[in-house]
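Source file: entry16.cif; contents: mmCIF, C-alpha atoms and all ligand atoms; chains and numbers go by the auth columns.
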data_work
loop_
_atom_site.group_PDB
_atom_site.id
_atom_site.type_symbol
_atom_site.label_atom_id
_atom_site.label_comp_id
_atom_site.label_asym_id
_atom_site.label_seq_id
_atom_site.Cartn_x
_atom_site.Cartn_y
_atom_site.Cartn_z
_atom_site.B_iso_or_equiv
_atom_site.auth_seq_id
_atom_site.auth_asym_id
ATOM 1 C CA MET A 1 -2.402 -17.357 8.514 0.00 1 A
ATOM 2 C CA ARG A 2 -2.117 -13.794 7.288 0.00 2 A
ATOM 3 C CA LYS A 3 -5.277 -12.263 5.854 0.00 3 A
ATOM 4 C CA LYS A 4 -4.759 -10.909 2.358 0.00 4 A
ATOM 5 C CA ILE A 5 -5.053 -7.169 1.845 0.00 5 A
ATOM 6 C CA ILE A 6 -5.999 -5.837 -1.553 0.00 6 A
ATOM 7 C CA ALA A 7 -5.959 -2.072 -1.942 0.00 7 A
ATOM 8 C CA GLY A 8 -6.856 0.156 -4.870 0.00 8 A
ATOM 9 C CA ASN A 9 -4.668 3.249 -5.133 0.00 9 A
ATOM 10 C CA TRP A 10 -6.779 5.635 -7.171 0.00 10 A
ATOM 11 C CA LYS A 11 -3.891 8.135 -7.441 0.00 11 A
ATOM 12 C CA MET A 12 -5.047 11.561 -8.750 0.00 12 A
ATOM 13 C CA ASN A 13 -8.214 10.220 -10.358 0.00 13 A
ATOM 14 C CA MET A 14 -11.924 10.624 -9.581 0.00 14 A
ATOM 15 C CA THR A 15 -13.741 13.755 -8.470 0.00 15 A
ATOM 16 C CA PRO A 16 -16.112 13.225 -5.525 0.00 16 A
ATOM 17 C CA SER A 17 -19.006 12.740 -7.978 0.00 17 A
ATOM 18 C CA GLU A 18 -17.015 10.235 -10.020 0.00 18 A
ATOM 19 C CA ALA A 19 -15.980 8.488 -6.803 0.00 19 A
ATOM 20 C CA LYS A 20 -19.653 7.871 -6.011 0.00 20 A
ATOM 21 C CA ASP A 21 -20.159 6.176 -9.376 0.00 21 A
ATOM 22 C CA LEU A 22 -17.026 4.055 -9.083 0.00 22 A
ATOM 23 C CA ILE A 23 -17.916 2.906 -5.574 0.00 23 A
ATOM 24 C CA ARG A 24 -21.413 2.029 -6.750 0.00 24 A
ATOM 25 C CA LEU A 25 -19.850 -0.074 -9.521 0.00 25 A
ATOM 26 C CA LEU A 26 -17.426 -1.907 -7.226 0.00 26 A
ATOM 27 C CA LYS A 27 -18.821 -2.217 -3.735 0.00 27 A
ATOM 28 C CA ASP A 28 -21.244 -5.117 -4.024 0.00 28 A
ATOM 29 C CA GLY A 29 -18.939 -7.288 -6.110 0.00 29 A
ATOM 30 C CA CYS A 30 -15.899 -7.229 -3.810 0.00 30 A
ATOM 31 C CA ASN A 31 -15.687 -10.235 -1.503 0.00 31 A
ATOM 32 C CA THR A 32 -14.430 -8.959 1.842 0.00 32 A
ATOM 33 C CA ASP A 33 -14.576 -12.298 3.679 0.00 33 A
ATOM 34 C CA SER A 34 -11.170 -13.629 2.778 0.00 34 A
ATOM 35 C CA SER A 35 -9.318 -10.346 2.159 0.00 35 A
ATOM 36 C CA ASP A 36 -9.239 -6.864 3.587 0.00 36 A
ATOM 37 C CA VAL A 37 -10.299 -4.570 0.757 0.00 37 A
ATOM 38 C CA VAL A 38 -9.240 -0.918 0.874 0.00 38 A
ATOM 39 C CA PHE A 39 -10.019 2.011 -1.404 0.00 39 A
ATOM 40 C CA ILE A 40 -7.181 4.524 -1.254 0.00 40 A
ATOM 41 C CA VAL A 41 -8.819 7.651 -2.592 0.00 41 A
ATOM 42 C CA PRO A 42 -7.811 11.294 -3.147 0.00 42 A
ATOM 43 C CA SER A 43 -8.149 13.110 0.197 0.00 43 A
ATOM 44 C CA ILE A 44 -10.977 15.281 -1.084 0.00 44 A
ATOM 45 C CA ASP A 45 -13.034 12.153 -1.838 0.00 45 A
ATOM 46 C CA VAL A 46 -12.783 10.609 1.642 0.00 46 A
ATOM 47 C CA THR A 47 -15.976 12.045 3.127 0.00 47 A
ATOM 48 C CA THR A 48 -18.056 11.137 0.084 0.00 48 A
ATOM 49 C CA ALA A 49 -16.480 7.703 -0.138 0.00 49 A
ATOM 50 C CA ALA A 50 -17.084 7.031 3.579 0.00 50 A
ATOM 51 C CA GLU A 51 -20.749 7.840 3.074 0.00 51 A
ATOM 52 C CA CYS A 52 -21.020 5.544 0.038 0.00 52 A
ATOM 53 C CA LEU A 53 -19.259 2.661 1.788 0.00 53 A
ATOM 54 C CA LYS A 54 -21.514 2.643 4.874 0.00 54 A
ATOM 55 C CA GLY A 55 -22.824 -0.842 5.522 0.00 55 A
ATOM 56 C CA THR A 56 -19.943 -2.532 3.651 0.00 56 A
ATOM 57 C CA GLN A 57 -16.710 -4.008 5.016 0.00 57 A
ATOM 58 C CA ILE A 58 -14.598 -2.068 2.513 0.00 58 A
ATOM 59 C CA LYS A 59 -12.051 0.177 4.220 0.00 59 A
ATOM 60 C CA LEU A 60 -10.866 3.616 3.219 0.00 60 A
ATOM 61 C CA GLY A 61 -7.523 5.328 3.096 0.00 61 A
ATOM 62 C CA THR A 62 -5.593 8.247 1.648 0.00 62 A
ATOM 63 C CA GLN A 63 -2.435 8.462 -0.414 0.00 63 A
ATOM 64 C CA ASN A 64 -0.455 10.828 1.770 0.00 64 A
ATOM 65 C CA PHE A 65 -0.466 12.944 4.935 0.00 65 A
ATOM 66 C CA TYR A 66 1.893 15.181 6.895 0.00 66 A
ATOM 67 C CA PHE A 67 3.498 14.188 10.189 0.00 67 A
ATOM 68 C CA GLU A 68 2.693 17.372 12.135 0.00 68 A
ATOM 69 C CA ASP A 69 -0.542 17.714 14.146 0.00 69 A
ATOM 70 C CA LYS A 70 -1.711 21.048 12.758 0.00 70 A
ATOM 71 C CA GLY A 71 -0.584 24.518 11.840 0.00 71 A
ATOM 72 C CA ALA A 72 1.045 26.474 9.046 0.00 72 A
ATOM 73 C CA PHE A 73 1.594 23.675 6.521 0.00 73 A
ATOM 74 C CA THR A 74 -0.324 24.929 3.527 0.00 74 A
ATOM 75 C CA GLY A 75 -1.727 22.162 1.370 0.00 75 A
ATOM 76 C CA GLU A 76 -1.155 19.328 3.834 0.00 76 A
ATOM 77 C CA ILE A 77 -3.552 17.127 5.811 0.00 77 A
ATOM 78 C CA SER A 78 -3.035 15.501 9.211 0.00 78 A
ATOM 79 C CA ALA A 79 -3.561 11.971 10.465 0.00 79 A
ATOM 80 C CA LYS A 80 -6.419 13.155 12.700 0.00 80 A
ATOM 81 C CA MET A 81 -8.206 14.731 9.716 0.00 81 A
ATOM 82 C CA ILE A 82 -8.059 11.454 7.808 0.00 82 A
ATOM 83 C CA LEU A 83 -9.354 9.434 10.751 0.00 83 A
ATOM 84 C CA ASP A 84 -12.117 11.918 11.506 0.00 84 A
ATOM 85 C CA ALA A 85 -13.277 11.828 7.868 0.00 85 A
ATOM 86 C CA GLY A 86 -13.523 8.021 7.922 0.00 86 A
ATOM 87 C CA GLY A 87 -10.077 6.976 6.646 0.00 87 A
ATOM 88 C CA GLU A 88 -8.235 4.123 8.298 0.00 88 A
ATOM 89 C CA TYR A 89 -5.204 3.488 6.072 0.00 89 A
ATOM 90 C CA VAL A 90 -2.567 5.736 4.535 0.00 90 A
ATOM 91 C CA ILE A 91 0.058 5.098 1.877 0.00 91 A
ATOM 92 C CA ILE A 92 3.521 6.269 2.875 0.00 92 A
ATOM 93 C CA GLY A 93 6.534 6.579 0.579 0.00 93 A
ATOM 94 C CA HIS A 94 4.931 5.746 -2.758 0.00 94 A
ATOM 95 C CA SER A 95 7.572 6.026 -5.495 0.00 95 A
ATOM 96 C CA GLU A 96 5.592 8.875 -7.050 0.00 96 A
ATOM 97 C CA ARG A 97 5.863 10.809 -3.761 0.00 97 A
ATOM 98 C CA ARG A 98 9.554 9.964 -3.507 0.00 98 A
ATOM 99 C CA THR A 99 10.445 10.990 -7.051 0.00 99 A
ATOM 100 C CA ILE A 100 7.993 13.746 -8.037 0.00 100 A
ATOM 101 C CA PHE A 101 7.578 15.321 -4.587 0.00 101 A
ATOM 102 C CA LYS A 102 11.108 14.595 -3.344 0.00 102 A
ATOM 103 C CA GLU A 103 10.125 12.784 -0.153 0.00 103 A
ATOM 104 C CA ASP A 104 13.239 11.315 1.415 0.00 104 A
ATOM 105 C CA ASP A 105 13.823 8.410 3.781 0.00 105 A
ATOM 106 C CA ALA A 106 13.901 10.698 6.836 0.00 106 A
ATOM 107 C CA MET A 107 10.462 12.118 6.041 0.00 107 A
ATOM 108 C CA ILE A 108 9.057 8.660 5.333 0.00 108 A
ATOM 109 C CA ASN A 109 10.339 7.458 8.713 0.00 109 A
ATOM 110 C CA LYS A 110 8.661 10.419 10.461 0.00 110 A
ATOM 111 C CA LYS A 111 5.388 9.726 8.671 0.00 111 A
ATOM 112 C CA LEU A 112 5.478 6.031 9.561 0.00 112 A
ATOM 113 C CA LYS A 113 6.001 6.811 13.252 0.00 113 A
ATOM 114 C CA LYS A 114 3.294 9.478 13.259 0.00 114 A
ATOM 115 C CA ALA A 115 0.772 7.222 11.527 0.00 115 A
ATOM 116 C CA HIS A 116 1.265 4.599 14.221 0.00 116 A
ATOM 117 C CA ALA A 117 1.150 7.158 17.015 0.00 117 A
ATOM 118 C CA GLU A 118 -2.242 8.330 15.730 0.00 118 A
ATOM 119 C CA GLY A 119 -3.688 4.883 14.999 0.00 119 A
ATOM 120 C CA LEU A 120 -3.646 5.276 11.227 0.00 120 A
ATOM 121 C CA LYS A 121 -2.674 2.050 9.436 0.00 121 A
ATOM 122 C CA PRO A 122 0.286 2.638 7.125 0.00 122 A
ATOM 123 C CA ILE A 123 0.990 0.968 3.794 0.00 123 A
ATOM 124 C CA LEU A 124 4.702 1.592 3.363 0.00 124 A
ATOM 125 C CA CYS A 125 5.939 1.441 -0.232 0.00 125 A
ATOM 126 C CA CYS A 126 9.375 0.404 -1.374 0.00 126 A
ATOM 127 C CA GLY A 127 10.859 -0.669 -4.676 0.00 127 A
ATOM 128 C CA GLU A 128 13.675 -0.164 -7.112 0.00 128 A
ATOM 129 C CA SER A 129 14.109 1.653 -10.420 0.00 129 A
ATOM 130 C CA LEU A 130 14.858 -0.161 -13.654 0.00 130 A
ATOM 131 C CA SER A 131 18.552 0.740 -13.483 0.00 131 A
ATOM 132 C CA LEU A 132 18.937 -0.763 -9.997 0.00 132 A
ATOM 133 C CA ARG A 133 17.113 -3.883 -11.165 0.00 133 A
ATOM 134 C CA GLU A 134 19.449 -4.176 -14.138 0.00 134 A
ATOM 135 C CA ASP A 135 22.702 -3.564 -12.290 0.00 135 A
ATOM 136 C CA GLY A 136 21.723 -6.125 -9.657 0.00 136 A
ATOM 137 C CA THR A 137 21.836 -3.819 -6.618 0.00 137 A
ATOM 138 C CA TYR A 138 18.070 -3.774 -6.073 0.00 138 A
ATOM 139 C CA LYS A 139 18.033 -6.032 -3.020 0.00 139 A
ATOM 140 C CA ALA A 140 20.514 -3.924 -1.081 0.00 140 A
ATOM 141 C CA PHE A 141 18.615 -0.794 -2.099 0.00 141 A
ATOM 142 C CA ILE A 142 15.257 -2.130 -0.875 0.00 142 A
ATOM 143 C CA GLU A 143 16.829 -3.380 2.350 0.00 143 A
ATOM 144 C CA GLY A 144 18.135 0.157 2.894 0.00 144 A
ATOM 145 C CA GLN A 145 14.655 1.610 2.322 0.00 145 A
ATOM 146 C CA ILE A 146 13.174 -0.819 4.863 0.00 146 A
ATOM 147 C CA LYS A 147 15.834 -0.246 7.509 0.00 147 A
ATOM 148 C CA SER A 148 15.550 3.523 7.380 0.00 148 A
ATOM 149 C CA ALA A 149 11.731 3.541 7.289 0.00 149 A
ATOM 150 C CA PHE A 150 11.489 1.387 10.432 0.00 150 A
ATOM 151 C CA GLU A 151 14.094 3.199 12.526 0.00 151 A
ATOM 152 C CA GLY A 152 12.574 3.766 15.969 0.00 152 A
ATOM 153 C CA VAL A 153 9.392 1.826 15.114 0.00 153 A
ATOM 154 C CA SER A 154 8.372 -0.737 17.749 0.00 154 A
ATOM 155 C CA GLU A 155 7.740 -4.421 17.104 0.00 155 A
ATOM 156 C CA GLU A 156 4.032 -4.011 17.818 0.00 156 A
ATOM 157 C CA GLU A 157 3.875 -1.186 15.270 0.00 157 A
ATOM 158 C CA VAL A 158 5.759 -3.211 12.674 0.00 158 A
ATOM 159 C CA LYS A 159 3.170 -5.960 12.936 0.00 159 A
ATOM 160 C CA ASN A 160 0.481 -3.375 12.171 0.00 160 A
ATOM 161 C CA THR A 161 2.286 -2.059 9.112 0.00 161 A
ATOM 162 C CA VAL A 162 1.618 -3.231 5.572 0.00 162 A
ATOM 163 C CA ILE A 163 4.569 -3.115 3.188 0.00 163 A
ATOM 164 C CA ALA A 164 3.953 -2.762 -0.548 0.00 164 A
ATOM 165 C CA TYR A 165 6.770 -3.884 -2.817 0.00 165 A
ATOM 166 C CA GLU A 166 6.343 -1.849 -5.983 0.00 166 A
ATOM 167 C CA PRO A 167 9.164 -2.060 -8.523 0.00 167 A
ATOM 168 C CA ILE A 168 9.092 1.310 -10.287 0.00 168 A
ATOM 169 C CA TRP A 169 9.616 -0.303 -13.683 0.00 169 A
ATOM 170 C CA ALA A 170 6.360 -2.219 -13.257 0.00 170 A
ATOM 171 C CA ILE A 171 4.169 0.749 -12.249 0.00 171 A
ATOM 172 C CA GLY A 172 1.736 1.838 -14.921 0.00 172 A
ATOM 173 C CA THR A 173 3.844 0.167 -17.597 0.00 173 A
ATOM 174 C CA GLY A 174 1.860 -3.015 -18.129 0.00 174 A
ATOM 175 C CA LYS A 175 5.138 -4.807 -17.396 0.00 175 A
ATOM 176 C CA THR A 176 4.361 -6.861 -14.272 0.00 176 A
ATOM 177 C CA ALA A 177 7.134 -8.499 -12.311 0.00 177 A
ATOM 178 C CA THR A 178 6.755 -12.244 -12.731 0.00 178 A
ATOM 179 C CA ALA A 179 5.242 -13.989 -9.737 0.00 179 A
ATOM 180 C CA ASP A 180 8.691 -15.454 -8.987 0.00 180 A
ATOM 181 C CA GLU A 181 10.410 -12.056 -9.190 0.00 181 A
ATOM 182 C CA ALA A 182 7.785 -10.513 -6.895 0.00 182 A
ATOM 183 C CA GLU A 183 7.984 -13.429 -4.468 0.00 183 A
ATOM 184 C CA GLU A 184 11.771 -13.229 -4.319 0.00 184 A
ATOM 185 C CA VAL A 185 11.693 -9.627 -3.097 0.00 185 A
ATOM 186 C CA CYS A 186 8.662 -10.034 -0.796 0.00 186 A
ATOM 187 C CA LYS A 187 10.433 -12.940 0.903 0.00 187 A
ATOM 188 C CA MET A 188 13.617 -10.909 1.190 0.00 188 A
ATOM 189 C CA ILE A 189 11.661 -8.078 2.841 0.00 189 A
ATOM 190 C CA ARG A 190 10.075 -10.559 5.261 0.00 190 A
ATOM 191 C CA ASP A 191 13.512 -11.962 6.130 0.00 191 A
ATOM 192 C CA CYS A 192 14.744 -8.427 6.683 0.00 192 A
ATOM 193 C CA ILE A 193 11.904 -7.767 9.184 0.00 193 A
ATOM 194 C CA LYS A 194 12.722 -11.065 10.912 0.00 194 A
ATOM 195 C CA ALA A 195 16.368 -10.032 11.197 0.00 195 A
ATOM 196 C CA ILE A 196 15.594 -6.555 12.574 0.00 196 A
ATOM 197 C CA TYR A 197 12.721 -7.604 14.867 0.00 197 A
ATOM 198 C CA SER A 198 11.772 -11.258 15.299 0.00 198 A
ATOM 199 C CA GLU A 199 10.504 -14.362 13.540 0.00 199 A
ATOM 200 C CA ASP A 200 7.025 -13.485 14.812 0.00 200 A
ATOM 201 C CA ALA A 201 7.111 -9.926 13.424 0.00 201 A
ATOM 202 C CA GLY A 202 8.264 -11.221 10.028 0.00 202 A
ATOM 203 C CA GLU A 203 5.543 -13.844 9.911 0.00 203 A
ATOM 204 C CA THR A 204 2.866 -11.351 10.975 0.00 204 A
ATOM 205 C CA ILE A 205 3.577 -8.361 8.743 0.00 205 A
ATOM 206 C CA ARG A 206 1.641 -8.278 5.480 0.00 206 A
ATOM 207 C CA ILE A 207 3.564 -7.640 2.284 0.00 207 A
ATOM 208 C CA GLN A 208 1.793 -6.657 -0.924 0.00 208 A
ATOM 209 C CA TYR A 209 3.007 -6.593 -4.481 0.00 209 A
ATOM 210 C CA GLY A 210 2.144 -3.606 -6.698 0.00 210 A
ATOM 211 C CA GLY A 211 2.866 -2.853 -10.344 0.00 211 A
ATOM 212 C CA SER A 212 0.487 -3.574 -13.236 0.00 212 A
ATOM 213 C CA VAL A 213 -1.636 -6.011 -11.222 0.00 213 A
ATOM 214 C CA ASN A 214 -4.813 -6.907 -13.106 0.00 214 A
ATOM 215 C CA GLY A 215 -7.603 -9.453 -13.142 0.00 215 A
ATOM 216 C CA SER A 216 -5.553 -11.877 -15.222 0.00 216 A
ATOM 217 C CA ASN A 217 -2.310 -11.943 -13.202 0.00 217 A
ATOM 218 C CA ALA A 218 -3.601 -11.421 -9.636 0.00 218 A
ATOM 219 C CA LYS A 219 -4.148 -15.102 -8.851 0.00 219 A
ATOM 220 C CA GLU A 220 -0.643 -16.209 -9.754 0.00 220 A
ATOM 221 C CA LEU A 221 0.896 -13.354 -7.750 0.00 221 A
ATOM 222 C CA PHE A 222 -1.321 -13.620 -4.664 0.00 222 A
ATOM 223 C CA GLU A 223 -0.906 -17.377 -4.372 0.00 223 A
ATOM 224 C CA LYS A 224 2.792 -16.974 -3.663 0.00 224 A
ATOM 225 C CA LEU A 225 3.757 -17.730 -0.071 0.00 225 A
ATOM 226 C CA ASP A 226 5.111 -14.298 0.821 0.00 226 A
ATOM 227 C CA ILE A 227 2.728 -12.118 -1.201 0.00 227 A
ATOM 228 C CA ASP A 228 -0.203 -11.092 0.976 0.00 228 A
ATOM 229 C CA GLY A 229 -2.196 -9.205 -1.625 0.00 229 A
ATOM 230 C CA GLY A 230 -1.706 -6.219 -3.867 0.00 230 A
ATOM 231 C CA LEU A 231 -1.596 -2.470 -4.216 0.00 231 A
ATOM 232 C CA VAL A 232 -3.405 -1.805 -7.467 0.00 232 A
ATOM 233 C CA GLY A 233 -3.271 1.380 -9.531 0.00 233 A
ATOM 234 C CA GLY A 234 -4.903 1.555 -12.961 0.00 234 A
ATOM 235 C CA ALA A 235 -7.019 -1.576 -12.593 0.00 235 A
ATOM 236 C CA SER A 236 -8.619 -0.250 -9.382 0.00 236 A
ATOM 237 C CA LEU A 237 -10.498 2.373 -11.408 0.00 237 A
ATOM 238 C CA LYS A 238 -12.674 -0.136 -13.238 0.00 238 A
ATOM 239 C CA ASP A 239 -14.571 -3.339 -12.647 0.00 239 A
ATOM 240 C CA ASP A 240 -11.412 -5.366 -13.218 0.00 240 A
ATOM 241 C CA PHE A 241 -10.758 -4.566 -9.538 0.00 241 A
ATOM 242 C CA ILE A 242 -13.582 -6.959 -8.595 0.00 242 A
ATOM 243 C CA LYS A 243 -11.785 -9.726 -10.466 0.00 243 A
ATOM 244 C CA ILE A 244 -8.579 -8.929 -8.590 0.00 244 A
ATOM 245 C CA VAL A 245 -10.300 -8.954 -5.185 0.00 245 A
ATOM 246 C CA ASN A 246 -12.136 -12.181 -6.023 0.00 246 A
ATOM 247 C CA TYR A 247 -9.020 -13.801 -7.534 0.00 247 A
ATOM 248 C CA LYS A 248 -9.852 -17.129 -5.914 0.00 248 A
ATOM 249 C CA ALA A 249 -13.242 -17.402 -7.596 0.00 249 A
HETATM 250 P P1 LIG B . -0.422 0.281 -11.582 0.00 301 A
HETATM 251 O O1 LIG B . -1.235 -0.849 -11.026 0.00 301 A
HETATM 252 O O2 LIG B . -1.191 1.235 -12.404 0.00 301 A
HETATM 253 O O3 LIG B . 0.825 -0.223 -12.239 0.00 301 A
HETATM 254 O O4 LIG B . 0.072 1.156 -10.303 0.00 301 A
HETATM 255 C C1 LIG B . 0.672 0.524 -9.243 0.00 301 A
HETATM 256 C C2 LIG B . 0.811 1.485 -8.138 0.00 301 A
HETATM 257 O O5 LIG B . 1.606 2.412 -8.176 0.00 301 A
HETATM 258 C C3 LIG B . -0.074 1.316 -6.971 0.00 301 A
HETATM 259 O O6 LIG B . 0.324 2.110 -5.914 0.00 301 A
#
Would it be possible to restate this file's structure as structure tokens?
Amino acid sequence: MRKKIIAGNWKMNMTPSEAKDLIRLLKDGCNTDSSDVVFIVPSIDVTTAAECLKGTQIKLGTQNFYFEDKGAFTGEISAKMILDAGGEYVIIGHSERRTIFKEDDAMINKKLKKAHAEGLKPILCCGESLSLREDGTYKAFIEGQIKSAFEGVSEEEVKNTVIAYEPIWAIGTGKTATADEAEEVCKMIRDCIKAIYSEDAGETIRIQYGGSVNGSNAKELFEKLDIDGGLVGGASLKDDFIKIVNYKA
């Protein structure tokens, strides 16, 4: 049985002071017994958030990092910095990083390997644009994203990776993939991991769905066999996130 993992990606929202208020609003309501709950905060909020989350089982992460250890990389942060500040997870390859900040598959592969080497738990994002969905090539595209991201990644590391399937057309649009559409791709990704690695790796890896998840649609999505939770954007910034985490209630 895979434990669900429900993560809130705050994106570029919440100053450290606002983060304190949001964590105060959310922390006691989130049931962490049946799911891993992760707040993925702006890097500058990590220290404050770690302080506020002391004594809870809620985990912390950041939305990005750079694969080098240290040095002349103005504006970047390292895996060690995240871990030292209290972060445990990191998102890699979010579609906003891929499109706005031009991160390519080679960089995403380097980041995935570095995260594992440093003991940072990666949430690897994949997902197609509306045009690829409409012309029917989305499955091949996502398979390509998965294959290149995992090049040179060991089976043990794969099992400790979380994949988030986030169709770009469903992000921030209010247009959620149906539970069947999301399940179809999450299953395909699982089969892809089984084909590259093993049955065991495919059954172990956790695969989230992301894209306009909210308190009203979470249950239907998360009850699907191959959907192990969600990566939540907009709804993670308000108390609707509690409803998502406690979708079984
Ligand atoms: P929304 O939930 O706002 O659609 O964002 C999804 C997302 O990009 C999470 O990483």
Centre and size of axis-aligned box enclosing ligand LIG 301 (chain A) plus 5 Å each side, as lines of an AutoDock Vina configuration file:
center_x = 0.2
center_y = 0.8
center_z = -9.2
size_x = 12.8
size_y = 13.3
size_z = 16.5
Step by step: start from the point (-18.7, 0.3, -6.6) in the file's coordinates, keep every protein, DNA or RNA residue that has an atom no farther than 12 Å from it, count all atoms listed in the file, and write the set as a PyMOL selection string. chain A and resi 8+18-30+39+49+52-53+56+58+236-242
Kindly compile the residues surrounding ligand LIG 301 (chain A) within 7 Å, counting all atoms listed in the file, and format them as a PyMOL selection string. chain A and resi 9+94+166+170-174+210-213+231-235
Evaluate the PyMOL selection byres (((chain A and resi 108) around 9) and not hetatm) against this structure - the residues, as a list in words, please. Ile92, Gly93, Arg98, Glu103, Asp104, Asp105, Ala106, Met107, Asn109, Lys110, Lys111, Leu112, Lys113, Leu124, Ser148 and Ala149 of chain A
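Taking CA of Asp180 in chain A and CA of Pro167 in chain A as endpoints, the distance between them is 13.4 Å.
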Tell me which of A:Lys70, A:Lys219, A:Lys114, A:Lys159 sits closest to Arg190 in chain A, counting all atoms listed in the file.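 Of A:Lys70, A:Lys219, A:Lys114, A:Lys159, the one nearest Arg190 in chain A is A:Lys159, counting all atoms listed in the file.
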Please expand the PyMOL selection byres (((chain A and resi 41) around 12) and not hetatm) into the concrete residues it hits in this file, giving the result as a PyMOL selection string. chain A and resi 7-16+18-20+22-23+38-40+42-50+59-64+82+86-91+232-233+236-237
Store the residues picked out above in a file with C-alpha atoms, as a PDB file, keeping the file's coordinate frame.
ATOM      1  CA  ALA A   7      -5.959  -2.072  -1.942  1.00  0.00           C
ATOM      2  CA  GLY A   8      -6.856   0.156  -4.870  1.00  0.00           C
ATOM      3  CA  ASN A   9      -4.668   3.249  -5.133  1.00  0.00           C
ATOM      4  CA  TRP A  10      -6.779   5.635  -7.171  1.00  0.00           C
ATOM      5  CA  LYS A  11      -3.891   8.135  -7.441  1.00  0.00           C
ATOM      6  CA  MET A  12      -5.047  11.561  -8.750  1.00  0.00           C
ATOM      7  CA  ASN A  13      -8.214  10.220 -10.358  1.00  0.00           C
ATOM      8  CA  MET A  14     -11.924  10.624  -9.581  1.00  0.00           C
ATOM      9  CA  THR A  15     -13.741  13.755  -8.470  1.00  0.00           C
ATOM     10  CA  PRO A  16     -16.112  13.225  -5.525  1.00  0.00           C
ATOM     11  CA  GLU A  18     -17.015  10.235 -10.020  1.00  0.00           C
ATOM     12  CA  ALA A  19     -15.980   8.488  -6.803  1.00  0.00           C
ATOM     13  CA  LYS A  20     -19.653   7.871  -6.011  1.00  0.00           C
ATOM     14  CA  LEU A  22     -17.026   4.055  -9.083  1.00  0.00           C
ATOM     15  CA  ILE A  23     -17.916   2.906  -5.574  1.00  0.00           C
ATOM     16  CA  VAL A  38      -9.240  -0.918   0.874  1.00  0.00           C
ATOM     17  CA  PHE A  39     -10.019   2.011  -1.404  1.00  0.00           C
ATOM     18  CA  ILE A  40      -7.181   4.524  -1.254  1.00  0.00           C
ATOM     19  CA  PRO A  42      -7.811  11.294  -3.147  1.00  0.00           C
ATOM     20  CA  SER A  43      -8.149  13.110   0.197  1.00  0.00           C
ATOM     21  CA  ILE A  44     -10.977  15.281  -1.084  1.00  0.00           C
ATOM     22  CA  ASP A  45     -13.034  12.153  -1.838  1.00  0.00           C
ATOM     23  CA  VAL A  46     -12.783  10.609   1.642  1.00  0.00           C
ATOM     24  CA  THR A  47     -15.976  12.045   3.127  1.00  0.00           C
ATOM     25  CA  THR A  48     -18.056  11.137   0.084  1.00  0.00           C
ATOM     26  CA  ALA A  49     -16.480   7.703  -0.138  1.00  0.00           C
ATOM     27  CA  ALA A  50     -17.084   7.031   3.579  1.00  0.00           C
ATOM     28  CA  LYS A  59     -12.051   0.177   4.220  1.00  0.00           C
ATOM     29  CA  LEU A  60     -10.866   3.616   3.219  1.00  0.00           C
ATOM     30  CA  GLY A  61      -7.523   5.328   3.096  1.00  0.00           C
ATOM     31  CA  THR A  62      -5.593   8.247   1.648  1.00  0.00           C
ATOM     32  CA  GLN A  63      -2.435   8.462  -0.414  1.00  0.00           C
ATOM     33  CA  ASN A  64      -0.455  10.828   1.770  1.00  0.00           C
ATOM     34  CA  ILE A  82      -8.059  11.454   7.808  1.00  0.00           C
ATOM     35  CA  GLY A  86     -13.523   8.021   7.922  1.00  0.00           C
ATOM     36  CA  GLY A  87     -10.077   6.976   6.646  1.00  0.00           C
ATOM     37  CA  GLU A  88      -8.235   4.123   8.298  1.00  0.00           C
ATOM     38  CA  TYR A  89      -5.204   3.488   6.072  1.00  0.00           C
ATOM     39  CA  VAL A  90      -2.567   5.736   4.535  1.00  0.00           C
ATOM     40  CA  ILE A  91       0.058   5.098   1.877  1.00  0.00           C
ATOM     41  CA  VAL A 232      -3.405  -1.805  -7.467  1.00  0.00           C
ATOM     42  CA  GLY A 233      -3.271   1.380  -9.531  1.00  0.00           C
ATOM     43  CA  SER A 236      -8.619  -0.250  -9.382  1.00  0.00           C
ATOM     44  CA  LEU A 237     -10.498   2.373 -11.408  1.00  0.00           C
TER      45      LEU A 237
END
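Going from CA of Ile207 in chain A over to CA of Ser78 in chain A, you cover 25.0 Å.
Minimum distance to Glu181 in chain A across A:Ala195, A:Cys125, A:Glu220, A:Gln57 (counting all atoms listed in the file) occurs at A:Glu220.
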Could you tell me how far CA of Val37 in chain A lies from CA of Val245 in chain A, in Å and to one decimal?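 According to the coordinates, CA of Val37 in chain A and CA of Val245 in chain A are separated by 7.4 Å.
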